[in-house]
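Novice: Structure in structure tokens, see below.
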Amino acid sequence: MYENTPWEHLALWGPWLGIGALLLALVLYRIAKRSEVRDPDGGLTKSLIAERIGAVGLSLATLGVLFVIMWRPAHDTYPRAFGWAAIEVAVGSIVIALLVGLLRRSLMDSAITYGMLTASAAASAAISAFSHSIIAEGQVTAMVLPVGYVVAALGAAVIASVKSRDAIPHEMIGLLSFLVLATVASWLLPVVQFREGGADSSTYPVYGGFYIVSLGRIARLWLLPAWAMWGGAVATIAIGYLTASWYGIAIAAIGLSISGALDPRRLPSAESLPPRLTPV
């Protein structure tokens, strides 16, 4: 069984990293509930951060279990068994997210984050498994790359949690942290290439993937006006398709699934929102 790089094993660490994130989210949530008595706004912001870390952690754990169970089939010459398993995970995560969101309205945002993030990462892996345009020995790397972006999202959420009382610094720290961690994730997996004639054969998916996921994450900035957010989302999907076909669209969905936990529109002080960025 070939190994392109030891960093492919990042996917195998997914369950443990995800469980660690869930435990951290539980601790933060308990702290938040205790602090709500003396500081209602501060307690709520901590709860939102805990929910976001928990949602991303659960997504990472779900994807990690997929890779742990299907690690050997993922290395087959034609890894279709892994591809079908990834599709099942994508569908299952959407179903779970819908059920949780309908049963617990308060968890709707976190459920959507879990469902979209897990489904888009699993879909990216499935597309890689069925791909005829990605060079064969790079398929596993292309499958693992989305997991790297989920790890980056988790790390960014944890780092940004140091600013739990101010939405703007929290979002800026989260964005910059994600871009740095996503850069590292892409740099550690620099081996995948498209075949000649497939998608854009001059673009490595790991580099194109970084540009796409970064655009998607930037498009989710709540400081942007609505037209810029929607325009950025459409542009990200279009660029993703032009750069890496359906794989690029799935990577774009990963970026669009990640947003800051302290969107002030969810806070009690929503009537005094900070101004959005507007053109001069």
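Naming scheme: A, B, ... for chains in displayed order of the structure tokens; residues 1 onward per chain; ligands 1 onward as shown.
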Dump as CSV the rows for residues of stretch 67-169 of chain A within 10 Å of stretch 215-224 of chain A: closest atom pair and distance in Å with one decimal, only C-alpha atoms counted, ordered by chain and rising residue number.
Specialist:
residue,atom,partner,partner_atom,distance
A:Ala153,CA,A:Arg217,CA,9.6
A:Ala167,CA,A:Trp222,CA,9.7
A:Ile168,CA,A:Leu223,CA,8.2
Novice: Okay, now the selection with all heavy atoms, as a PDB file, in the first residue's frame?
Specialist:
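Output (part_20.pdb):
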ATOM      1  N   ALA A 153     -10.285  24.590  10.303  1.00  0.00           N
ATOM      2  CA  ALA A 153     -11.463  25.280  10.833  1.00  0.00           C
ATOM      3  C   ALA A 153     -11.573  25.100  12.342  1.00  0.00           C
ATOM      4  O   ALA A 153     -11.909  26.044  13.073  1.00  0.00           O
ATOM      5  CB  ALA A 153     -12.726  24.765  10.145  1.00  0.00           C
ATOM      6  N   ALA A 167     -17.001  40.685  18.814  1.00  0.00           N
ATOM      7  CA  ALA A 167     -17.256  39.933  17.589  1.00  0.00           C
ATOM      8  C   ALA A 167     -16.256  40.242  16.476  1.00  0.00           C
ATOM      9  O   ALA A 167     -15.865  39.359  15.729  1.00  0.00           O
ATOM     10  CB  ALA A 167     -18.679  40.206  17.101  1.00  0.00           C
ATOM     11  N   ILE A 168     -15.851  41.509  16.366  1.00  0.00           N
ATOM     12  CA  ILE A 168     -14.974  41.876  15.255  1.00  0.00           C
ATOM     13  C   ILE A 168     -13.582  41.262  15.406  1.00  0.00           C
ATOM     14  O   ILE A 168     -13.099  40.580  14.489  1.00  0.00           O
ATOM     15  CB  ILE A 168     -14.903  43.410  15.095  1.00  0.00           C
ATOM     16  CG1 ILE A 168     -16.274  43.955  14.678  1.00  0.00           C
ATOM     17  CG2 ILE A 168     -13.842  43.794  14.075  1.00  0.00           C
ATOM     18  CD1 ILE A 168     -16.323  45.462  14.538  1.00  0.00           C
TER      19      ILE A 168
END
Novice: Give me the residues near stretch 145-148 of chain A as a ChimeraX atom specification, where near means some atom within 7 Å (using only C-alpha atoms) and where sequence neighbours in that chain fewer than 4 positions away do not count.
Specialist: /A:11,121,124,141,152,185,251
Novice: Give me, please, the distance in Å between atom CA of A:Glu88 and atom CA of A:Ile239, quoted to one decimal.
Specialist: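 Atom CA of A:Ile239 lies at a distance of 26.8 Å from atom CA of A:Glu88.
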Novice: Kindly give the distance, in Å, that separates atom CA of A:Ala97 and atom CA of A:Ala253, rounded to a single decimal.
Specialist: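 According to the coordinates, atom CA of A:Ala97 and atom CA of A:Ala253 are separated by 15.8 Å.
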Novice: From the set A:Val65, A:Met143, A:Leu44, A:Val213, which residue has the shortest atom-to-atom contact distance to A:Ser128, counting only C-alpha atoms?
Specialist: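 Closest candidate: A:Met143.
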